[in-house]
Amino acid sequence: MAHFEKATSVKDWLNQRLAIEKVEKVMASEYWIPKNINFLWAMGMVLMITFILLLVSGIFLLMYYQPNVATAFDSVNYTIMREVGFGWLWRHIHGVAASVVFLIIYIHMFTGIYYGSYKKGREMIWISGMLLFITFSAEAFSGYMLPWGQMSYWAGMVITNIFSLGGLHLDGLVEWIRGDYVPAQAFLNRFFMLHVLLLPLAILGLIGLHFAALRIPHVNNQDGEEIDFDAEAQKYLAGDKKGSKVMRFANDFMSKDMMVVGIYLIFFFYLVFYHYNFAMDPVNFDPADGLKTPAHIYPEWYFLWSYEILRPFSVNIGLIAFGFAQVIFVLLPFLDRSPNTVPANRRGAFGIWFWLLLVDMIVLTAMGKLPPEGAFSTIGLVAALAFIALWIALPFITAKEKKL
Ligand code: HEM
């Protein structure tokens with residue numbers, strides 16, 4: 001058993017039992033971050049802040065929300081929006097954050113792809129990030145069910161239908177997931193549980209894994225330069241702060257992050273107060289009706305690109321293409337065969353691949369929102385095929401890349 005000295009202060013008492021000074025050094029004041037990074041590296045912190053906004057606003061909404069098919073719609077659209085003081089504010093914060101979080105996730109992901117931050121020992125950062133993306137997607141989908149409006153009901157119907165796996169007709173599996181033949185009370189109850197308990201817990205755990213995965217390989221930098229963190233940290237601690245290539249996570253990096261977070265929050269609250277409607281589908285202001293199918297059923301904007309990969313094909317091929325789109329990003333660290341860690345613009349064909357993928361996903365998103373008719377469905381088909389072709393080509397073009 002460890003020998004405990006008489007503690008001289010509360011901090012000393014805690015330190016003897018929890019090694020708080022050591023933890024603080026490892027995770028904050030001696031956690032070294034490269035100086036050569038730009039504002040895009042603040043997106044991780046912006047995501048953390050948005051997640052906290054979602055948690056806090058969600059807790060307030062939970063005080064009045066009722067997970068019951070007869071009362072859910074009114075508990076949101078009447079009680080929270082009209083009766084409870086500032087209920088509308090918490091709902092707008094929650095709705096806007098749920099939409100904006102995906103914009104930031106996509107910026108964060110494409111920053112990682114552009115700078116090759118998934119390579120050489122950083123694979124676990126990428127994989128935990130993709131698990132976060134998938135869990136956030138499930139969290140957003142389950143949350144969308146809760147107001148029990150027309151789009152909740154019909155999107156719930158369409159998405160759970162996917163689990164019948166087309167020609168395999170696994171209808172029993174669909175009913176098992178729904179707890180009924182159609183979305184009803186059992187369905188709402190379980191998506192409520194997923195949304196407020198299981199998935200947030202999984203997200204918290206995955207954020208922990210994401211941060212732990214960052215600690216050993218360290219954060220990447222704008223030139224993909226291999227930094228000797230120990231030597232640069234010694235330089236910094238010896239007083240040569242200017243000459244060192246690194247800075248402390250706390251408070252150097254945090255203070256830079258907070259500047260970007262501040263600008264983000266102005267933009268965020270501008271949306272909350274003046275443009276919250278973009279995050280709310282008008283169709284979902286009609287209560288769920290299992291006898292009235294809406295003219296167009298489409299998911300929220302952040303799922304449109306993968307929806308458009310499913311839609312232009314026949315059921316079975318569409319499902320295979322959709323499955324491909326869901327897992328392929330996770331495999332990126334293994335599909336990119338080049339050892340180069342420089343940014344995409346210095347990697348020849350990979351640079352072109354990067355911009356083609358980005359533009360293709362924007363086109364897929366735009367087409368996913370439009371009805372699948374005429375030119376839109378042709379453009380959607382071409383963009384879906386291009387998405388698949390780009391990923392199949394990736395190992396070949398990166399294997400050919402010259403070592404820089
Ligand atoms: C949604 C919750 C997420 C949170 C809270 C989060 C948080 C963070 C933070 C704080 C950092 C360090 C600073 C920075 O580079 O921004 C980081 C880095 C990173 N994240 Fe995430 N992240 C999330 C999702 C994702 C997703 C979806 C991906 C994509 C697969 C991803 C991939 C990465 C990568 C590759 C890095 C390393 C960047 C580098 O080394 O330069 N993250 N993340």
# chains A, B, ... in the order shown; residues from 1 in each chain; ligands from 1

$ select_by_dssp --residues "range 61-101 of chain A" --states "helix (DSSP H, G or I)" --output "PyMOL selection string"
chain A and resi 61-62+72-83+87-101

$ write_last_selection --atoms "C-alpha atoms" --output "PDB file, in the first residue's frame"
ATOM      1  CA  LEU A  61     -36.428  19.252 -23.733  1.00  0.00           C
ATOM      2  CA  LEU A  62     -36.606  15.934 -21.882  1.00  0.00           C
ATOM      3  CA  ALA A  72     -45.582  13.222 -28.445  1.00  0.00           C
ATOM      4  CA  PHE A  73     -46.477  15.629 -31.272  1.00  0.00           C
ATOM      5  CA  ASP A  74     -48.344  18.036 -28.971  1.00  0.00           C
ATOM      6  CA  SER A  75     -45.750  17.800 -26.211  1.00  0.00           C
ATOM      7  CA  VAL A  76     -43.213  19.199 -28.720  1.00  0.00           C
ATOM      8  CA  ASN A  77     -45.257  21.510 -30.940  1.00  0.00           C
ATOM      9  CA  TYR A  78     -47.652  22.811 -28.316  1.00  0.00           C
ATOM     10  CA  THR A  79     -46.264  22.345 -24.786  1.00  0.00           C
ATOM     11  CA  ILE A  80     -42.563  22.994 -25.461  1.00  0.00           C
ATOM     12  CA  MET A  81     -43.009  25.514 -28.276  1.00  0.00           C
ATOM     13  CA  ARG A  82     -45.856  27.563 -26.767  1.00  0.00           C
ATOM     14  CA  GLU A  83     -46.498  26.851 -23.108  1.00  0.00           C
ATOM     15  CA  GLY A  87     -39.116  26.046 -24.518  1.00  0.00           C
ATOM     16  CA  TRP A  88     -38.892  27.342 -28.105  1.00  0.00           C
ATOM     17  CA  LEU A  89     -35.314  28.466 -27.459  1.00  0.00           C
ATOM     18  CA  TRP A  90     -34.135  25.042 -26.272  1.00  0.00           C
ATOM     19  CA  ARG A  91     -35.882  23.402 -29.220  1.00  0.00           C
ATOM     20  CA  HIS A  92     -34.294  25.779 -31.723  1.00  0.00           C
ATOM     21  CA  ILE A  93     -30.862  25.297 -30.137  1.00  0.00           C
ATOM     22  CA  HIS A  94     -31.309  21.506 -30.300  1.00  0.00           C
ATOM     23  CA  GLY A  95     -32.603  21.505 -33.891  1.00  0.00           C
ATOM     24  CA  VAL A  96     -30.003  23.925 -35.255  1.00  0.00           C
ATOM     25  CA  ALA A  97     -27.146  22.138 -33.419  1.00  0.00           C
ATOM     26  CA  ALA A  98     -28.301  18.754 -34.785  1.00  0.00           C
ATOM     27  CA  SER A  99     -28.026  20.100 -38.324  1.00  0.00           C
ATOM     28  CA  VAL A 100     -24.896  22.245 -37.970  1.00  0.00           C
ATOM     29  CA  VAL A 101     -22.996  19.452 -36.179  1.00  0.00           C
TER      30      VAL A 101
END

$ residues_near_ligand --ligand "ligand 1" --cutoff "7 Å" --atoms "only C-alpha atoms and all ligand atoms" --output "VMD selection string"
chain A and resid 40 to 45 47 to 48 105 108 to 109 112 117 to 118 125 to 130 132 to 133 136 207 210 to 211 214 218 to 221

$ write_last_selection --atoms "C-alpha atoms" --output "CSV table (one decimal), in the first residue's frame"
chain,number,residue,atom,x,y,z
A,40,LEU,CA,-9.5,24.0,-39.5
A,41,TRP,CA,-7.8,22.3,-36.6
A,42,ALA,CA,-10.3,24.0,-34.3
A,43,MET,CA,-13.2,22.0,-35.7
A,44,GLY,CA,-12.7,19.2,-33.2
A,45,MET,CA,-13.2,21.7,-30.4
A,47,LEU,CA,-17.7,19.7,-32.4
A,48,MET,CA,-17.2,19.3,-28.7
A,105,ILE,CA,-18.3,16.9,-39.0
A,108,HIS,CA,-13.5,18.0,-40.0
A,109,MET,CA,-13.5,14.7,-42.0
A,112,GLY,CA,-8.4,14.9,-42.2
A,117,SER,CA,-4.3,12.8,-40.9
A,118,TYR,CA,-5.4,9.1,-41.0
A,125,ILE,CA,-8.0,8.4,-34.8
A,126,TRP,CA,-9.7,8.0,-38.1
A,127,ILE,CA,-11.5,4.8,-37.2
A,128,SER,CA,-12.9,6.2,-33.9
A,129,GLY,CA,-13.9,9.3,-35.9
A,130,MET,CA,-15.9,7.3,-38.4
A,132,LEU,CA,-18.5,8.7,-34.1
A,133,PHE,CA,-19.9,9.7,-37.5
A,136,PHE,CA,-24.1,10.5,-34.6
A,207,ILE,CA,-15.1,10.8,-27.9
A,210,HIS,CA,-10.9,9.5,-30.2
A,211,PHE,CA,-9.0,11.7,-27.8
A,214,LEU,CA,-4.8,11.4,-30.7
A,218,HIS,CA,0.0,13.6,-31.8
A,219,VAL,CA,-2.0,16.0,-33.9
A,220,ASN,CA,-0.9,16.3,-37.6
A,221,ASN,CA,0.2,19.6,-39.2

$ closest_atom_pairs --of "range 267-314 of chain A" --to "range 318-331 of chain A" --cutoff "8 Å" --atoms "only C-alpha atoms" --output "tab-separated table"
residue	atom	partner	partner_atom	distance
A:Ser306	CA	A:Phe322	CA	6.4
A:Tyr307	CA	A:Phe322	CA	7.4
A:Ile309	CA	A:Phe322	CA	5.8
A:Leu310	CA	A:Gly318	CA	4.3
A:Arg311	CA	A:Gly318	CA	6.3
A:Pro312	CA	A:Gly318	CA	7.0
A:Phe313	CA	A:Gly318	CA	4.7
A:Ser314	CA	A:Gly318	CA	5.7

$ write_last_selection --atoms "C-alpha atoms" --output "short mmCIF file (atom, residue, chain, number, x, y, z; two decimals), in the first residue's frame"
data_model
loop_
_atom_site.label_atom_id
_atom_site.label_comp_id
_atom_site.auth_asym_id
_atom_site.auth_seq_id
_atom_site.Cartn_x
_atom_site.Cartn_y
_atom_site.Cartn_z
CA SER A 306 -25.94 8.32 -49.20
CA TYR A 307 -29.70 8.27 -49.93
CA ILE A 309 -26.49 6.35 -53.81
CA LEU A 310 -29.34 4.00 -52.84
CA ARG A 311 -32.06 5.53 -55.01
CA PRO A 312 -31.02 5.35 -58.70
CA PHE A 313 -30.51 1.56 -58.74
CA SER A 314 -32.88 -1.39 -58.51
#

$ atom_distance --atom1 "CA of Glu308 in chain A" --atom2 "CA of Ala366 in chain A"
9.0 Å

$ closest_atom_pairs --of "range 215-332 of chain A" --to "range 173-189 of chain A" --cutoff "12 Å" --atoms "only C-alpha atoms" --output "tab-separated table"
residue	atom	partner	partner_atom	distance
A:Ala288	CA	A:Pro183	CA	10.0
A:Asp289	CA	A:Pro183	CA	10.5
A:Gly290	CA	A:Val182	CA	8.4
A:Leu291	CA	A:Val182	CA	11.3

$ closest_residue --among "A:Ile397, A:Leu168, A:Leu199, A:Leu381" --to "Phe141 in chain A" --atoms "only C-alpha atoms"
A:Leu199

$ residues_around --residues "range 295-304 of chain A" --least-positions-apart "4" --cutoff "9 Å" --atoms "only C-alpha atoms" --output "MDAnalysis selection string"
chainID A and resid 99 102:103 106 137 141 151 154:155 158 279 281 308:309 364:371

$ atom_distance --atom1 "CA of Val283 in chain A" --atom2 "CA of Leu146 in chain A"
14.4 Å

$ atom_distance --atom1 "CA of Ser29 in chain A" --atom2 "CA of Val260 in chain A"
20.5 Å

$ select_by_dssp --residues "range 77-304 of chain A" --states "strand (DSSP E or B)" --output "VMD selection string"
chain A and resid 149 246 to 248 287

$ write_last_selection --atoms "C-alpha atoms" --output "mmCIF file, in the first residue's frame"
data_model
loop_
_atom_site.group_PDB
_atom_site.id
_atom_site.type_symbol
_atom_site.label_atom_id
_atom_site.label_comp_id
_atom_site.auth_asym_id
_atom_site.auth_seq_id
_atom_site.Cartn_x
_atom_site.Cartn_y
_atom_site.Cartn_z
ATOM 1 C CA GLY A 149 -44.687 14.138 -37.271
ATOM 2 C CA VAL A 246 5.219 22.879 -30.670
ATOM 3 C CA MET A 247 2.886 24.556 -28.182
ATOM 4 C CA ARG A 248 0.980 23.318 -25.132
ATOM 5 C CA PRO A 287 -48.831 14.870 -37.033
#

$ closest_residue --among "A:Val46, A:Ile113, A:Leu165, A:Leu335" --to "Gln222 in chain A" --atoms "only C-alpha atoms"
A:Ile113

$ decode --residues "range 207-328 of chain A" --atoms "C-alpha atoms" --output "PDB file, in the first residue's frame"
ATOM      1  CA  ILE A 207     -15.109  10.759 -27.878  1.00  0.00           C
ATOM      2  CA  GLY A 208     -12.868   9.344 -25.109  1.00  0.00           C
ATOM      3  CA  LEU A 209     -11.414   6.809 -27.571  1.00  0.00           C
ATOM      4  CA  HIS A 210     -10.933   9.537 -30.208  1.00  0.00           C
ATOM      5  CA  PHE A 211      -8.952  11.700 -27.758  1.00  0.00           C
ATOM      6  CA  ALA A 212      -6.918   8.746 -26.475  1.00  0.00           C
ATOM      7  CA  ALA A 213      -6.079   7.803 -30.080  1.00  0.00           C
ATOM      8  CA  LEU A 214      -4.774  11.350 -30.661  1.00  0.00           C
ATOM      9  CA  ARG A 215      -2.438  11.360 -27.661  1.00  0.00           C
ATOM     10  CA  ILE A 216       0.378   9.091 -28.879  1.00  0.00           C
ATOM     11  CA  PRO A 217       0.697   9.923 -32.621  1.00  0.00           C
ATOM     12  CA  HIS A 218      -0.032  13.588 -31.790  1.00  0.00           C
ATOM     13  CA  VAL A 219      -1.967  16.027 -33.930  1.00  0.00           C
ATOM     14  CA  ASN A 220      -0.868  16.265 -37.579  1.00  0.00           C
ATOM     15  CA  ASN A 221       0.246  19.570 -39.156  1.00  0.00           C
ATOM     16  CA  GLN A 222      -0.268  21.534 -42.375  1.00  0.00           C
ATOM     17  CA  ASP A 223       2.841  20.146 -44.120  1.00  0.00           C
ATOM     18  CA  GLY A 224       2.566  16.569 -42.843  1.00  0.00           C
ATOM     19  CA  GLU A 225       6.004  17.143 -41.305  1.00  0.00           C
ATOM     20  CA  GLU A 226       7.391  14.402 -39.017  1.00  0.00           C
ATOM     21  CA  ILE A 227       8.008  16.353 -35.803  1.00  0.00           C
ATOM     22  CA  ASP A 228      10.279  15.068 -33.009  1.00  0.00           C
ATOM     23  CA  PHE A 229       7.839  15.977 -30.219  1.00  0.00           C
ATOM     24  CA  ASP A 230      10.214  15.103 -27.350  1.00  0.00           C
ATOM     25  CA  ALA A 231      13.035  17.303 -28.678  1.00  0.00           C
ATOM     26  CA  GLU A 232      10.703  20.194 -29.516  1.00  0.00           C
ATOM     27  CA  ALA A 233       9.026  19.935 -26.095  1.00  0.00           C
ATOM     28  CA  GLN A 234      12.449  20.091 -24.368  1.00  0.00           C
ATOM     29  CA  LYS A 235      13.246  23.206 -26.373  1.00  0.00           C
ATOM     30  CA  TYR A 236       9.949  24.782 -25.269  1.00  0.00           C
ATOM     31  CA  LEU A 237      10.447  23.844 -21.606  1.00  0.00           C
ATOM     32  CA  ALA A 238      14.036  25.177 -21.711  1.00  0.00           C
ATOM     33  CA  GLY A 239      12.567  28.589 -22.561  1.00  0.00           C
ATOM     34  CA  ASP A 240      12.927  28.673 -26.375  1.00  0.00           C
ATOM     35  CA  LYS A 241       9.183  28.978 -26.939  1.00  0.00           C
ATOM     36  CA  LYS A 242       9.603  30.857 -30.228  1.00  0.00           C
ATOM     37  CA  GLY A 243      12.107  28.411 -31.746  1.00  0.00           C
ATOM     38  CA  SER A 244      10.139  25.301 -30.755  1.00  0.00           C
ATOM     39  CA  LYS A 245       7.774  23.787 -33.339  1.00  0.00           C
ATOM     40  CA  VAL A 246       5.219  22.879 -30.670  1.00  0.00           C
ATOM     41  CA  MET A 247       2.886  24.556 -28.182  1.00  0.00           C
ATOM     42  CA  ARG A 248       0.980  23.318 -25.132  1.00  0.00           C
ATOM     43  CA  PHE A 249      -2.565  21.975 -25.555  1.00  0.00           C
ATOM     44  CA  ALA A 250      -3.561  24.056 -22.503  1.00  0.00           C
ATOM     45  CA  ASN A 251      -3.570  27.003 -22.652  1.00  0.00           C
ATOM     46  CA  ASP A 252      -1.832  27.844 -25.958  1.00  0.00           C
ATOM     47  CA  PHE A 253      -3.850  25.707 -28.356  1.00  0.00           C
ATOM     48  CA  MET A 254      -7.069  26.106 -26.325  1.00  0.00           C
ATOM     49  CA  SER A 255      -6.865  29.902 -26.477  1.00  0.00           C
ATOM     50  CA  LYS A 256      -6.511  29.771 -30.273  1.00  0.00           C
ATOM     51  CA  ASP A 257      -9.392  27.300 -30.467  1.00  0.00           C
ATOM     52  CA  MET A 258     -11.584  29.552 -28.349  1.00  0.00           C
ATOM     53  CA  MET A 259     -11.200  32.382 -30.853  1.00  0.00           C
ATOM     54  CA  VAL A 260     -12.679  30.147 -33.594  1.00  0.00           C
ATOM     55  CA  VAL A 261     -15.303  28.793 -31.165  1.00  0.00           C
ATOM     56  CA  GLY A 262     -16.328  32.407 -30.388  1.00  0.00           C
ATOM     57  CA  ILE A 263     -16.844  33.252 -34.076  1.00  0.00           C
ATOM     58  CA  TYR A 264     -18.707  29.967 -34.531  1.00  0.00           C
ATOM     59  CA  LEU A 265     -21.051  30.706 -31.639  1.00  0.00           C
ATOM     60  CA  ILE A 266     -21.993  34.097 -33.167  1.00  0.00           C
ATOM     61  CA  PHE A 267     -22.880  32.286 -36.407  1.00  0.00           C
ATOM     62  CA  PHE A 268     -24.665  29.533 -34.461  1.00  0.00           C
ATOM     63  CA  PHE A 269     -26.878  31.843 -32.403  1.00  0.00           C
ATOM     64  CA  TYR A 270     -27.597  33.969 -35.473  1.00  0.00           C
ATOM     65  CA  LEU A 271     -29.092  30.792 -37.000  1.00  0.00           C
ATOM     66  CA  VAL A 272     -30.935  29.915 -33.772  1.00  0.00           C
ATOM     67  CA  PHE A 273     -32.645  33.319 -33.553  1.00  0.00           C
ATOM     68  CA  TYR A 274     -33.143  34.278 -37.209  1.00  0.00           C
ATOM     69  CA  HIS A 275     -32.920  31.196 -39.458  1.00  0.00           C
ATOM     70  CA  TYR A 276     -33.945  28.177 -37.368  1.00  0.00           C
ATOM     71  CA  ASN A 277     -36.426  27.122 -40.058  1.00  0.00           C
ATOM     72  CA  PHE A 278     -33.705  25.626 -42.236  1.00  0.00           C
ATOM     73  CA  ALA A 279     -33.315  22.904 -39.584  1.00  0.00           C
ATOM     74  CA  MET A 280     -37.049  22.085 -39.446  1.00  0.00           C
ATOM     75  CA  ASP A 281     -38.934  20.279 -42.194  1.00  0.00           C
ATOM     76  CA  PRO A 282     -42.399  21.855 -42.810  1.00  0.00           C
ATOM     77  CA  VAL A 283     -43.879  18.375 -43.480  1.00  0.00           C
ATOM     78  CA  ASN A 284     -42.979  17.391 -39.915  1.00  0.00           C
ATOM     79  CA  PHE A 285     -45.374  20.029 -38.566  1.00  0.00           C
ATOM     80  CA  ASP A 286     -48.213  17.656 -39.553  1.00  0.00           C
ATOM     81  CA  PRO A 287     -48.831  14.870 -37.033  1.00  0.00           C
ATOM     82  CA  ALA A 288     -47.914  11.300 -38.091  1.00  0.00           C
ATOM     83  CA  ASP A 289     -50.584   9.616 -40.174  1.00  0.00           C
ATOM     84  CA  GLY A 290     -50.044   6.023 -41.284  1.00  0.00           C
ATOM     85  CA  LEU A 291     -52.768   6.371 -43.954  1.00  0.00           C
ATOM     86  CA  LYS A 292     -51.347   9.459 -45.707  1.00  0.00           C
ATOM     87  CA  THR A 293     -47.979   8.982 -47.448  1.00  0.00           C
ATOM     88  CA  PRO A 294     -46.244  12.335 -48.168  1.00  0.00           C
ATOM     89  CA  ALA A 295     -45.571  13.074 -51.880  1.00  0.00           C
ATOM     90  CA  HIS A 296     -41.781  13.017 -51.413  1.00  0.00           C
ATOM     91  CA  ILE A 297     -40.011  11.266 -48.573  1.00  0.00           C
ATOM     92  CA  TYR A 298     -36.440  12.447 -48.137  1.00  0.00           C
ATOM     93  CA  PRO A 299     -34.055  12.465 -45.193  1.00  0.00           C
ATOM     94  CA  GLU A 300     -32.359  15.499 -43.619  1.00  0.00           C
ATOM     95  CA  TRP A 301     -29.666  17.162 -45.768  1.00  0.00           C
ATOM     96  CA  TYR A 302     -26.719  15.356 -44.140  1.00  0.00           C
ATOM     97  CA  PHE A 303     -28.014  11.915 -45.220  1.00  0.00           C
ATOM     98  CA  LEU A 304     -28.940  12.954 -48.772  1.00  0.00           C
ATOM     99  CA  TRP A 305     -25.655  11.907 -50.427  1.00  0.00           C
ATOM    100  CA  SER A 306     -25.937   8.316 -49.199  1.00  0.00           C
ATOM    101  CA  TYR A 307     -29.703   8.273 -49.933  1.00  0.00           C
ATOM    102  CA  GLU A 308     -28.915   9.270 -53.524  1.00  0.00           C
ATOM    103  CA  ILE A 309     -26.488   6.348 -53.813  1.00  0.00           C
ATOM    104  CA  LEU A 310     -29.342   4.001 -52.843  1.00  0.00           C
ATOM    105  CA  ARG A 311     -32.064   5.526 -55.013  1.00  0.00           C
ATOM    106  CA  PRO A 312     -31.020   5.349 -58.697  1.00  0.00           C
ATOM    107  CA  PHE A 313     -30.510   1.564 -58.739  1.00  0.00           C
ATOM    108  CA  SER A 314     -32.882  -1.392 -58.515  1.00  0.00           C
ATOM    109  CA  VAL A 315     -33.625  -2.428 -54.892  1.00  0.00           C
ATOM    110  CA  ASN A 316     -30.884  -5.065 -54.484  1.00  0.00           C
ATOM    111  CA  ILE A 317     -28.087  -3.205 -56.267  1.00  0.00           C
ATOM    112  CA  GLY A 318     -29.138   0.007 -54.505  1.00  0.00           C
ATOM    113  CA  LEU A 319     -28.765  -1.701 -51.129  1.00  0.00           C
ATOM    114  CA  ILE A 320     -25.301  -3.010 -52.007  1.00  0.00           C
ATOM    115  CA  ALA A 321     -24.251   0.471 -53.192  1.00  0.00           C
ATOM    116  CA  PHE A 322     -25.694   2.001 -50.004  1.00  0.00           C
ATOM    117  CA  GLY A 323     -23.848  -0.537 -47.786  1.00  0.00           C
ATOM    118  CA  PHE A 324     -20.643   0.244 -49.711  1.00  0.00           C
ATOM    119  CA  ALA A 325     -21.079   3.994 -49.079  1.00  0.00           C
ATOM    120  CA  GLN A 326     -21.574   3.396 -45.334  1.00  0.00           C
ATOM    121  CA  VAL A 327     -18.363   1.423 -44.755  1.00  0.00           C
ATOM    122  CA  ILE A 328     -15.958   2.670 -47.378  1.00  0.00           C
TER     123      ILE A 328
END
